[in-house]
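First comes the structure, then the notes that go with it.
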Amino acid sequence: YNGTVPWNFESGTVTGPLELTAMWIQNPKTTAVSGDISQPYKTQGSRISVTVAQQPDHSYSYQWYRGTAADGSDKTLLSGATESTYELPEDLTVGTLYYFCKITAGIPGSPERSAVTSGPIAVEIRARDYEEDKGITVTPIGEQPFRGSPLQPKPEISCGSDPLQEGIDYVLAYGENTAVGTDTGTVTVTFKGSYTGQTTLEFPIAYASLPDGK
């Protein structure tokens, strides 16, 4: 008798000594859970994890969930997140998310399972601050020729190798930018959304060159 099906003591025939051994599935017990995380937007390589006290003859499986409520009431399954360690995506939006890990224990030859859910692990994603973050680049503006109307040059702005988008990641505000030769033009960059901070660029204003022969 291998213990995989119920034994019927009324109809089962015993022709010799019968030894029954009970194996209990112990509830998974976590010995370590990652602490809460607070990091800037687009941080790479951050991980959260759980550690389980391994019991003899037990096997363990993992499934991570994520939600916006600390009590897990809105948590949803993360497809493919089935290891004891989970690497956070770098493109998480600004705000706080809560992660949970369902740990399931089983023993060979038995369909029965026992599961517990650990957590929550709070992950706060902060807006990246221009003044503190060397990864945000605002390209200086060179000399601009005045052609009769206020100048509004657009600086190139990026975070690492990713260009930022005007209106989504930042807005621009211009000075009068009409004083030729006696003053400098200005453009103020105010970051928004997943970025924060402000910077003002200055650029010289020059007379426009006349066409050849004029």
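Here's how to read the names in the structure tokens: chain A, B, ... by the order shown, residue numbers from 1 in each chain, ligand numbers from 1 in the order shown.
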Closest contacts (stretch 156-208 of chain A/stretch 91-102 of chain A, max 10 Å, only C-alpha atoms) as JSON lines:
```
{"residue": "A:Gly193", "atom": "CA", "partner": "A:Val94", "partner_atom": "CA", "distance": 7.8}
{"residue": "A:Ser194", "atom": "CA", "partner": "A:Val94", "partner_atom": "CA", "distance": 5.9}
{"residue": "A:Tyr195", "atom": "CA", "partner": "A:Val94", "partner_atom": "CA", "distance": 9.0}
```
**OP:** Write out as number ranges by chain each polymer residue whose atoms come within 12 Å of stretch 31-33 of chain A, counting only C-alpha atoms; drop sequence neighbours fewer than 5 positions from it.
**Re:** A: 47-54, 84-86, 99-101, 117-122
Hey, can you spit out that residue selection with N, CA, C and O atoms as an mmCIF file, in the first residue's frame?
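Generated file (part-v9.cif):
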```cif
data_model
loop_
_atom_site.group_PDB
_atom_site.id
_atom_site.type_symbol
_atom_site.label_atom_id
_atom_site.label_comp_id
_atom_site.auth_asym_id
_atom_site.auth_seq_id
_atom_site.Cartn_x
_atom_site.Cartn_y
_atom_site.Cartn_z
ATOM 1 N N ARG A 47 15.801 43.792 -5.917
ATOM 2 C CA ARG A 47 15.140 42.501 -5.733
ATOM 3 C C ARG A 47 14.486 42.430 -4.362
ATOM 4 O O ARG A 47 14.954 43.051 -3.407
ATOM 5 N N ILE A 48 13.418 41.646 -4.300
ATOM 6 C CA ILE A 48 12.790 41.306 -3.033
ATOM 7 C C ILE A 48 12.775 39.782 -2.943
ATOM 8 O O ILE A 48 12.803 39.086 -3.960
ATOM 9 N N SER A 49 12.719 39.251 -1.713
ATOM 10 C CA SER A 49 12.821 37.797 -1.584
ATOM 11 C C SER A 49 12.193 37.313 -0.280
ATOM 12 O O SER A 49 11.964 38.098 0.653
ATOM 13 N N VAL A 50 11.929 36.010 -0.256
ATOM 14 C CA VAL A 50 11.499 35.329 0.963
ATOM 15 C C VAL A 50 12.387 34.099 1.150
ATOM 16 O O VAL A 50 12.873 33.516 0.192
ATOM 17 N N THR A 51 12.598 33.729 2.396
ATOM 18 C CA THR A 51 13.355 32.522 2.722
ATOM 19 C C THR A 51 12.491 31.635 3.603
ATOM 20 O O THR A 51 11.856 32.118 4.546
ATOM 21 N N VAL A 52 12.463 30.343 3.271
ATOM 22 C CA VAL A 52 11.603 29.391 3.974
ATOM 23 C C VAL A 52 12.455 28.386 4.735
ATOM 24 O O VAL A 52 13.491 27.933 4.242
ATOM 25 N N ALA A 53 11.997 28.037 5.942
ATOM 26 C CA ALA A 53 12.650 26.968 6.698
ATOM 27 C C ALA A 53 12.338 25.639 6.019
ATOM 28 O O ALA A 53 11.186 25.199 5.985
ATOM 29 N N GLN A 54 13.337 25.009 5.448
ATOM 30 C CA GLN A 54 13.148 23.780 4.682
ATOM 31 C C GLN A 54 12.871 22.596 5.615
ATOM 32 O O GLN A 54 13.621 22.346 6.560
ATOM 33 N N SER A 84 11.748 32.277 -5.361
ATOM 34 C CA SER A 84 11.754 32.887 -4.028
ATOM 35 C C SER A 84 12.259 34.326 -4.070
ATOM 36 O O SER A 84 12.026 35.095 -3.135
ATOM 37 N N THR A 85 12.942 34.689 -5.159
ATOM 38 C CA THR A 85 13.429 36.056 -5.351
ATOM 39 C C THR A 85 12.762 36.661 -6.579
ATOM 40 O O THR A 85 12.595 35.985 -7.599
ATOM 41 N N TYR A 86 12.380 37.932 -6.478
ATOM 42 C CA TYR A 86 11.724 38.612 -7.591
ATOM 43 C C TYR A 86 12.444 39.927 -7.870
ATOM 44 O O TYR A 86 12.682 40.723 -6.957
ATOM 45 N N TYR A 99 3.925 44.077 -2.284
ATOM 46 C CA TYR A 99 4.199 42.757 -2.861
ATOM 47 C C TYR A 99 3.965 41.676 -1.809
ATOM 48 O O TYR A 99 4.271 41.856 -0.622
ATOM 49 N N PHE A 100 3.431 40.544 -2.288
ATOM 50 C CA PHE A 100 3.144 39.394 -1.442
ATOM 51 C C PHE A 100 3.657 38.141 -2.151
ATOM 52 O O PHE A 100 3.620 38.063 -3.378
ATOM 53 N N CYS A 101 4.095 37.166 -1.365
ATOM 54 C CA CYS A 101 4.542 35.898 -1.950
ATOM 55 C C CYS A 101 3.758 34.750 -1.326
ATOM 56 O O CYS A 101 3.770 34.579 -0.097
ATOM 57 N N THR A 117 0.839 33.021 2.803
ATOM 58 C CA THR A 117 1.203 34.196 2.012
ATOM 59 C C THR A 117 1.962 35.174 2.899
ATOM 60 O O THR A 117 1.479 35.561 3.969
ATOM 61 N N SER A 118 3.155 35.524 2.464
ATOM 62 C CA SER A 118 3.981 36.456 3.234
ATOM 63 C C SER A 118 3.751 37.873 2.735
ATOM 64 O O SER A 118 3.209 38.104 1.665
ATOM 65 N N GLY A 119 4.218 38.815 3.508
ATOM 66 C CA GLY A 119 4.106 40.204 3.090
ATOM 67 C C GLY A 119 3.275 40.997 4.095
ATOM 68 O O GLY A 119 2.899 40.479 5.139
ATOM 69 N N PRO A 120 2.996 42.249 3.801
ATOM 70 C CA PRO A 120 3.389 42.907 2.545
ATOM 71 C C PRO A 120 4.807 43.467 2.590
ATOM 72 O O PRO A 120 5.316 43.783 3.659
ATOM 73 N N ILE A 121 5.404 43.570 1.399
ATOM 74 C CA ILE A 121 6.659 44.296 1.232
ATOM 75 C C ILE A 121 6.320 45.582 0.477
ATOM 76 O O ILE A 121 5.836 45.532 -0.659
ATOM 77 N N ALA A 122 6.523 46.709 1.115
ATOM 78 C CA ALA A 122 6.194 47.995 0.492
ATOM 79 C C ALA A 122 7.344 48.448 -0.396
ATOM 80 O O ALA A 122 8.501 48.460 0.025
#
```
Original post:
Which residue, A:Leu172, A:Ala69, A:Ala105, A:Ala81, has the smallest gap to A:Thr30 when you use only C-alpha atoms?
Top reply: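 Looking at the shortest contact to A:Thr30, the residue is A:Ala105.
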**OP:** Would you list the contacts of A:Phe203 as a PyMOL selection string, taking every protein, DNA or RNA residue within 6 Å and counting only C-alpha atoms, but skipping same-chain residues closer than 2 positions in sequence?
**Re:** chain A and resi 141-143+184-185
**OP:** Would you mind listing what lies within 12 Å of stretch 127-133 of chain A as number ranges by chain, with only C-alpha atoms counted and same-chain residues fewer than 2 positions away left out?
**Re:** A: 38-43, 91-96, 124-125, 135-138, 157-160, 169-170, 189-200
Subject >> A:Pro150 surroundings by only C-alpha atoms, 9 Å radius, close-in-sequence under 3 positions cut, as a ChimeraX atom specification >> reply: /A:146-147,174-178
**OP:** as a ChimeraX atom specification, list the residues of stretch 58-205 of chain A assigned to strand (DSSP E or B) by DSSP on the backbone atoms of this structure.
**Re:** /A:59-67,76-77,85-87,95-106,114-126,128-129,136-138,144-146,157-159,162-163,166,170-174,184-191,195-196,198-205
Original post:
Mind pulling up the distance from atom CA of A:Arg126 to atom CA of A:Glu87?
Top reply: 17.6 Å
Original post:
Which residue out of A:Ser46, A:Val123, A:Ser59, A:Val171 has the minimum interatomic distance to A:Pro89 when only C-alpha atoms are used?
Top reply: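 Ranking A:Ser46, A:Val123, A:Ser59, A:Val171 by distance to A:Pro89, first place goes to A:Ser46.
Within the 9 Å cut-off around A:Asp57, using only C-alpha atoms and omitting residues fewer than 6 positions from it on the same chain, the listed residues are Gly106, Ile107 and Pro108 of chain A.
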**OP:** Could you check which of A:Pro111, A:Pro28, A:Pro155, A:Pro204 is closest to A:Tyr60, using only C-alpha atoms?
**Re:**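 Checking each of A:Pro111, A:Pro28, A:Pro155, A:Pro204 against A:Tyr60, counting only C-alpha atoms, the winner is A:Pro28.
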Original post:
Which one is closest to A:Ile37: A:Leu201, A:Leu77, A:Ile25, A:Leu88? Count only C-alpha atoms.
Top reply: A:Leu88
**OP:** May I ask for the distance between atom CA of A:Gln152 and atom CA of A:Thr186, given in Å to one decimal place?
**Re:**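 Between atom CA of A:Gln152 and atom CA of A:Thr186 the gap is 8.8 Å.
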